[in-house]
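Enquirer: Hey, dropping coords.csv in here, CSV, C-alpha atoms:
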chain,number,residue,atom,x,y,z
A,205,MET,CA,83.3,111.6,79.3
A,206,ALA,CA,86.2,109.2,79.3
A,207,LEU,CA,88.4,109.1,82.4
A,208,THR,CA,92.1,109.9,82.3
A,209,ARG,CA,94.5,107.0,83.0
A,210,GLU,CA,95.1,108.3,86.5
A,211,GLU,CA,91.3,108.6,87.2
A,212,ARG,CA,90.4,105.2,85.9
A,213,GLU,CA,93.3,103.5,87.8
A,214,GLN,CA,92.4,105.3,91.0
A,215,PHE,CA,88.7,104.4,90.6
A,216,LEU,CA,89.6,100.7,90.0
A,217,ALA,CA,91.8,100.8,93.2
A,218,GLU,CA,88.7,101.7,95.3
A,219,PRO,CA,86.9,98.8,97.0
A,220,HIS,CA,84.0,98.4,94.6
A,221,VAL,CA,82.3,95.0,94.3
A,222,ALA,CA,83.1,94.1,90.7
A,223,ALA,CA,81.3,92.1,88.1
A,224,ILE,CA,83.6,89.6,86.5
A,225,ALA,CA,82.9,88.2,83.0
A,226,VAL,CA,84.5,85.2,81.4
A,227,ASP,CA,83.8,83.3,78.2
A,228,ALA,CA,81.5,80.4,79.1
A,229,GLY,CA,82.0,78.4,75.8
A,230,ASP,CA,80.0,77.6,72.7
A,231,GLY,CA,76.4,78.4,72.9
A,232,ARG,CA,76.7,80.1,76.3
A,233,ALA,CA,76.7,83.8,77.3
A,234,PRO,CA,79.7,84.9,79.4
A,235,LEU,CA,79.6,83.9,83.0
A,236,THR,CA,79.1,87.2,84.9
A,237,VAL,CA,79.1,87.2,88.7
A,238,PRO,CA,80.0,89.6,91.5
A,239,ILE,CA,83.4,89.3,93.0
A,240,TRP,CA,85.9,91.0,95.4
A,241,TYR,CA,89.2,92.0,93.9
A,242,GLN,CA,92.4,93.8,94.7
A,243,TYR,CA,94.2,96.4,92.6
A,244,ALA,CA,96.9,99.1,92.9
A,245,PRO,CA,97.4,101.7,90.2
A,246,GLY,CA,99.9,100.6,87.5
A,247,GLY,CA,99.9,96.9,88.6
A,248,ASP,CA,98.1,93.7,88.0
A,249,LEU,CA,94.7,93.0,89.6
A,250,TRP,CA,93.8,89.8,91.4
A,251,ILE,CA,90.9,87.9,92.5
A,252,LEU,CA,90.5,84.9,94.9
A,253,THR,CA,88.2,82.1,93.9
A,254,GLY,CA,87.6,78.4,94.5
A,255,LEU,CA,90.1,76.0,92.9
A,256,ASP,CA,87.3,73.7,91.7
A,257,SER,CA,84.8,76.5,90.9
A,258,ARG,CA,83.2,76.9,87.4
A,259,LYS,CA,84.7,80.4,87.4
A,260,ASN,CA,88.2,79.2,87.8
A,261,ARG,CA,87.8,76.5,85.2
A,262,LEU,CA,86.4,79.0,82.7
A,263,ILE,CA,89.2,81.5,83.4
A,264,GLY,CA,91.8,78.8,82.9
A,265,ALA,CA,90.2,77.8,79.6
A,266,ALA,CA,89.8,81.3,78.3
A,267,GLY,CA,93.2,82.6,79.6
A,268,ARG,CA,91.6,86.1,80.3
A,269,PHE,CA,88.6,87.8,81.8
A,270,SER,CA,87.0,91.2,82.2
A,271,LEU,CA,86.1,93.1,85.4
A,272,MET,CA,83.7,96.0,85.6
A,273,VAL,CA,83.1,98.4,88.6
A,274,ASP,CA,80.6,101.2,88.8
A,275,ARG,CA,78.9,103.7,91.1
A,276,LEU,CA,75.9,106.0,90.9
A,277,GLU,CA,76.9,108.8,93.3
A,278,PRO,CA,78.2,111.5,93.4
A,279,THR,CA,78.3,110.9,89.7
A,280,ILE,CA,77.6,108.0,87.4
A,281,ARG,CA,81.0,106.4,86.7
A,282,TYR,CA,82.3,103.1,85.6
A,283,VAL,CA,85.6,101.4,84.6
A,284,SER,CA,85.8,98.1,82.7
A,285,VAL,CA,89.1,96.4,82.3
A,286,GLU,CA,90.1,93.3,80.3
A,287,GLY,CA,93.3,91.3,80.1
A,288,PRO,CA,95.2,88.0,80.2
A,289,VAL,CA,95.8,85.9,83.2
A,290,VAL,CA,99.4,86.2,84.1
A,291,ASP,CA,99.6,83.9,87.2
A,292,THR,CA,97.5,81.5,89.2
A,293,THR,CA,98.8,80.4,92.6
A,294,PRO,CA,97.3,78.8,95.7
A,295,ALA,CA,95.7,81.3,98.0
A,296,THR,CA,97.1,82.0,101.4
A,297,ILE,CA,95.3,83.0,104.6
A,298,GLU,CA,97.2,86.3,104.3
A,299,ARG,CA,95.7,87.0,100.8
A,300,LEU,CA,92.3,86.1,102.1
A,301,ARG,CA,92.8,88.5,105.1
A,302,GLU,CA,94.0,91.3,102.7
A,303,LEU,CA,91.0,90.9,100.4
A,304,SER,CA,88.5,90.6,103.3
A,305,ALA,CA,89.9,93.7,105.0
A,306,ARG,CA,89.3,95.7,101.8
A,307,TYR,CA,85.6,95.0,102.0
A,308,LEU,CA,84.6,94.2,105.6
A,309,PRO,CA,84.5,96.4,108.7
A,310,PRO,CA,87.7,95.7,110.8
A,311,ASP,CA,85.8,93.9,113.6
A,312,LYS,CA,84.4,91.4,111.1
A,313,VAL,CA,87.5,90.5,109.2
A,314,GLU,CA,89.0,87.7,111.4
A,315,GLY,CA,85.6,86.0,111.9
A,316,TYR,CA,85.0,85.9,108.2
A,317,VAL,CA,88.6,84.8,107.4
A,318,ASP,CA,88.4,82.0,109.9
A,319,PHE,CA,85.0,80.8,108.5
A,320,ALA,CA,86.1,81.1,104.9
A,321,TRP,CA,89.4,79.4,105.3
A,322,LYS,CA,87.7,76.4,107.0
A,323,ASN,CA,84.6,76.2,104.8
A,324,HIS,CA,85.1,77.5,101.3
A,325,GLY,CA,87.5,74.8,100.1
A,326,GLU,CA,90.8,75.3,98.4
A,327,GLN,CA,91.2,78.7,96.9
A,328,VAL,CA,93.5,80.2,94.2
A,329,VAL,CA,94.7,83.7,93.5
A,330,VAL,CA,94.3,84.6,89.8
A,331,ARG,CA,96.2,87.7,88.6
A,332,MET,CA,95.2,89.6,85.5
A,333,ARG,CA,97.2,92.2,83.6
A,334,PRO,CA,94.9,95.1,82.5
A,335,GLU,CA,95.3,95.5,78.7
A,336,ARG,CA,92.1,97.2,77.5
A,337,TRP,CA,90.2,99.8,79.4
A,338,VAL,CA,86.8,101.4,78.9
A,339,SER,CA,85.7,104.1,81.3
A,340,SER,CA,83.3,107.0,81.6
A,341,ASP,CA,81.9,109.5,84.0
A,342,LEU,CA,78.4,110.6,83.0
A,343,GLY,CA,78.2,113.3,85.6
A,344,SER,CA,75.1,113.7,87.7
A,345,ILE,CA,72.0,113.3,85.7
Written as structure tokens, that's how I'd like the structure from this file.
Expert:
Amino acid sequence: MALTREEREQFLAEPHVAAIAVDAGDGRAPLTVPIWYQYAPGGDLWILTGLDSRKNRLIGAAGRFSLMVDRLEPTIRYVSVEGPVVDTTPATIERLRELSARYLPPDKVEGYVDFAWKNHGEQVVVRMRPERWVSSDLGSI
């Protein structure tokens, strides 16, 4: 059964690890990899990725991407969203901290942020405006 707008936006706002998919060009399947993201109902969603990463280059070329999140319990549910990139800006340590705090236990955030900021290279924040949604809750099977 499809989710209501409120249900799908709330589900997307939860801290699921997403699968991002972006066109990889002629003769290639879409690049699909796991990623952390941030979203609040009614707004744009954003990801943080390496400036020189293949993912960022493909997103720049395509101008859009898809994101899918799912769960298996207490019911089988997923939300997939697709839309255009509306902004790309240099990442800040504050954005890295915000995203890390969404996924990591509080006592692990600062250590991870310090490591990532020093070792992952230059990062960018890519914002996407959700345009198309596909969602379902299959209940408990």
Enquirer: Just to confirm, what's the straight-line distance from atom CA of Ala206 of chain A to atom CA of Ser339 of chain A in Å (one decimal)?
Expert: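 That distance, rounded to one decimal, is 5.5 Å.
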Enquirer: Which is closer to Thr293 of chain A than all the others in A:His220, A:Arg306, A:Arg331, A:Lys259, using all atoms listed in the file?
Expert: A:Arg331
Enquirer: Work out how far apart atom CA of Asp230 of chain A and atom CA of Val283 of chain A are and give it in Å to one decimal.
Expert: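 A separation of 27.2 Å between them.
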Enquirer: Between A:Glu211, A:Val329, A:Arg268, A:Thr279, which is the closest to Glu298 of chain A once you count only C-alpha atoms?
Expert: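 Once distances to Glu298 of chain A are computed over only C-alpha atoms, the minimum belongs to A:Val329.
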Enquirer: Could you state the separation of atom CA of Pro245 of chain A and atom CA of Val290 of chain A in Å, given to one decimal place?
Expert: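 About the pair atom CA of Pro245 of chain A and atom CA of Val290 of chain A: they are 16.8 Å apart.
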Enquirer: With all atoms listed in the file as the counted atoms, please give the residues lying no more than 12 Å from Ile345 of chain A, apart from itself and same-chain residues fewer than 5 positions off, as a PyMOL selection string.
Expert: chain A and resi 276-281
Enquirer: Name the closest residue to Lys322 of chain A among the candidates A:Glu302, A:Arg336, A:Leu271, A:Ile297; distances are taken between atoms, counting all atoms listed in the file.
Expert: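 Smallest distance to Lys322 of chain A is found for A:Ile297.
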Enquirer: Quick one: residues within 9 Å of Gln242 of chain A, all atoms listed in the file counted, chain neighbours fewer than 2 positions away excluded, as a list in words?
Expert: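 The contact residues come out as Leu216, Ala217, Glu218, Pro219, Trp240, Ala244, Asp248, Leu249, Trp250, Ile251, Glu302, Leu303 and Arg306 of chain A.
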Enquirer: Neighbourhood query: residues within 10 Å of (86.5, 109.4, 81.7), file coordinates, counting all atoms listed in the file; return as a list of chain:residue names.
Expert: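 Using all atoms listed in the file, the matching residues come out as A:Met205, A:Ala206, A:Leu207, A:Thr208, A:Arg209, A:Glu210, A:Glu211, A:Arg212, A:Arg281, A:Tyr282, A:Val283, A:Val338, A:Ser339, A:Ser340, A:Asp341, A:Leu342, A:Gly343.
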Enquirer: Can you spit out the residues from that selection as a PDB file, in the coordinates of the input, using C-alpha atoms?
Expert:
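Once everything was written out, this is selection23.pdb:
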ATOM      1  CA  MET A 205      83.300 111.600  79.300  1.00  0.00           C
ATOM      2  CA  ALA A 206      86.200 109.200  79.300  1.00  0.00           C
ATOM      3  CA  LEU A 207      88.400 109.100  82.400  1.00  0.00           C
ATOM      4  CA  THR A 208      92.100 109.900  82.300  1.00  0.00           C
ATOM      5  CA  ARG A 209      94.500 107.000  83.000  1.00  0.00           C
ATOM      6  CA  GLU A 210      95.100 108.300  86.500  1.00  0.00           C
ATOM      7  CA  GLU A 211      91.300 108.600  87.200  1.00  0.00           C
ATOM      8  CA  ARG A 212      90.400 105.200  85.900  1.00  0.00           C
ATOM      9  CA  ARG A 281      81.000 106.400  86.700  1.00  0.00           C
ATOM     10  CA  TYR A 282      82.300 103.100  85.600  1.00  0.00           C
ATOM     11  CA  VAL A 283      85.600 101.400  84.600  1.00  0.00           C
ATOM     12  CA  VAL A 338      86.800 101.400  78.900  1.00  0.00           C
ATOM     13  CA  SER A 339      85.700 104.100  81.300  1.00  0.00           C
ATOM     14  CA  SER A 340      83.300 107.000  81.600  1.00  0.00           C
ATOM     15  CA  ASP A 341      81.900 109.500  84.000  1.00  0.00           C
ATOM     16  CA  LEU A 342      78.400 110.600  83.000  1.00  0.00           C
ATOM     17  CA  GLY A 343      78.200 113.300  85.600  1.00  0.00           C
TER      18      GLY A 343
END
Enquirer: Please provide the set of residues having any atom within 10 Å of Ala305 of chain A, restricted to all atoms listed in the file, with same-chain residues fewer than 4 positions apart removed, written as a short mmCIF file (atom, residue, chain, number, x, y, z; two decimals) with C-alpha atoms, in the frame of the given file.
Expert:
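Output contents, as saved in part-v6.cif:
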data_model
loop_
_atom_site.label_atom_id
_atom_site.label_comp_id
_atom_site.auth_asym_id
_atom_site.auth_seq_id
_atom_site.Cartn_x
_atom_site.Cartn_y
_atom_site.Cartn_z
CA PRO A 219 86.90 98.80 97.00
CA ARG A 299 95.70 87.00 100.80
CA LEU A 300 92.30 86.10 102.10
CA ARG A 301 92.80 88.50 105.10
CA PRO A 309 84.50 96.40 108.70
CA PRO A 310 87.70 95.70 110.80
CA ASP A 311 85.80 93.90 113.60
CA LYS A 312 84.40 91.40 111.10
CA VAL A 313 87.50 90.50 109.20
CA GLU A 314 89.00 87.70 111.40
CA TYR A 316 85.00 85.90 108.20
CA VAL A 317 88.60 84.80 107.40
#
Enquirer: So, counting all atoms listed in the file, which residue among A:Arg333, A:Gly231, A:Leu262, A:Pro238 is closest to Glu286 of chain A?
Expert: A:Arg333
Enquirer: Could you add the missing atoms to segment 208-232 of chain A, up to N, CA, C and O atoms, and return them as a compact mmCIF listing (two decimals), in the coordinates of the input?
Expert:
# COMPACT_ATOMS: atom_id res chain seq x y z
N THR A 208 90.67 109.91 82.60
CA THR A 208 92.10 109.90 82.30
C THR A 208 92.66 108.55 82.87
O THR A 208 92.00 107.86 83.66
N ARG A 209 93.87 108.22 82.48
CA ARG A 209 94.50 107.00 83.00
C ARG A 209 94.56 107.03 84.52
O ARG A 209 94.23 106.04 85.18
N GLU A 210 94.96 108.14 85.08
CA GLU A 210 95.10 108.30 86.50
C GLU A 210 93.69 108.11 87.20
O GLU A 210 93.56 107.44 88.23
N GLU A 211 92.67 108.73 86.63
CA GLU A 211 91.30 108.60 87.20
C GLU A 211 90.79 107.21 87.16
O GLU A 211 90.22 106.73 88.14
N ARG A 212 90.96 106.54 86.03
CA ARG A 212 90.40 105.20 85.90
C ARG A 212 91.18 104.21 86.82
O ARG A 212 90.58 103.33 87.44
N GLU A 213 92.50 104.37 86.93
CA GLU A 213 93.30 103.50 87.80
C GLU A 213 92.91 103.73 89.28
O GLU A 213 92.79 102.78 90.05
N GLN A 214 92.75 104.99 89.66
CA GLN A 214 92.40 105.30 91.00
C GLN A 214 90.97 104.75 91.35
O GLN A 214 90.73 104.20 92.42
N PHE A 215 90.05 104.91 90.41
CA PHE A 215 88.70 104.40 90.60
C PHE A 215 88.71 102.88 90.78
O PHE A 215 88.06 102.33 91.66
N LEU A 216 89.46 102.19 89.94
CA LEU A 216 89.60 100.70 90.00
C LEU A 216 90.21 100.31 91.36
O LEU A 216 89.88 99.27 91.91
N ALA A 217 91.09 101.13 91.89
CA ALA A 217 91.80 100.80 93.20
C ALA A 217 90.83 100.94 94.36
O ALA A 217 91.14 100.41 95.44
N GLU A 218 89.70 101.62 94.21
CA GLU A 218 88.70 101.70 95.30
C GLU A 218 88.03 100.40 95.51
O GLU A 218 87.92 99.60 94.58
N PRO A 219 87.51 100.15 96.72
CA PRO A 219 86.90 98.80 97.00
C PRO A 219 85.46 98.69 96.52
O PRO A 219 84.51 98.60 97.29
N HIS A 220 85.29 98.65 95.22
CA HIS A 220 84.00 98.40 94.60
C HIS A 220 83.81 96.86 94.51
O HIS A 220 84.78 96.15 94.28
N VAL A 221 82.59 96.39 94.64
CA VAL A 221 82.30 95.00 94.30
C VAL A 221 82.24 94.99 92.76
O VAL A 221 81.52 95.77 92.16
N ALA A 222 83.02 94.11 92.15
CA ALA A 222 83.10 94.10 90.70
C ALA A 222 82.16 93.02 90.11
O ALA A 222 81.71 92.11 90.81
N ALA A 223 81.91 93.14 88.83
CA ALA A 223 81.30 92.10 88.10
C ALA A 223 82.40 91.51 87.18
O ALA A 223 83.04 92.24 86.43
N ILE A 224 82.65 90.23 87.34
CA ILE A 224 83.60 89.60 86.50
C ILE A 224 82.90 88.86 85.38
O ILE A 224 81.80 88.33 85.59
N ALA A 225 83.48 88.88 84.19
CA ALA A 225 82.90 88.20 83.00
C ALA A 225 83.97 87.38 82.37
O ALA A 225 85.09 87.85 82.18
N VAL A 226 83.61 86.14 82.05
CA VAL A 226 84.50 85.20 81.40
C VAL A 226 83.78 84.38 80.39
O VAL A 226 82.63 84.01 80.61
N ASP A 227 84.42 84.09 79.26
CA ASP A 227 83.80 83.30 78.20
C ASP A 227 83.36 81.95 78.81
O ASP A 227 84.13 81.25 79.47
N ALA A 228 82.09 81.60 78.56
CA ALA A 228 81.50 80.40 79.10
C ALA A 228 81.44 79.26 78.04
O ALA A 228 80.85 78.22 78.28
N GLY A 229 82.00 79.49 76.85
CA GLY A 229 82.00 78.40 75.80
C GLY A 229 80.93 78.54 74.81
O GLY A 229 80.07 79.42 74.87
N ASP A 230 80.98 77.61 73.87
CA ASP A 230 80.00 77.60 72.70
C ASP A 230 78.59 77.55 73.22
O ASP A 230 78.22 76.76 74.08
N GLY A 231 77.79 78.42 72.62
CA GLY A 231 76.40 78.40 72.90
C GLY A 231 75.99 79.02 74.24
O GLY A 231 74.82 78.95 74.64
N ARG A 232 76.94 79.58 74.97
CA ARG A 232 76.70 80.10 76.30
C ARG A 232 77.05 81.62 76.31
O ARG A 232 78.03 82.02 75.68
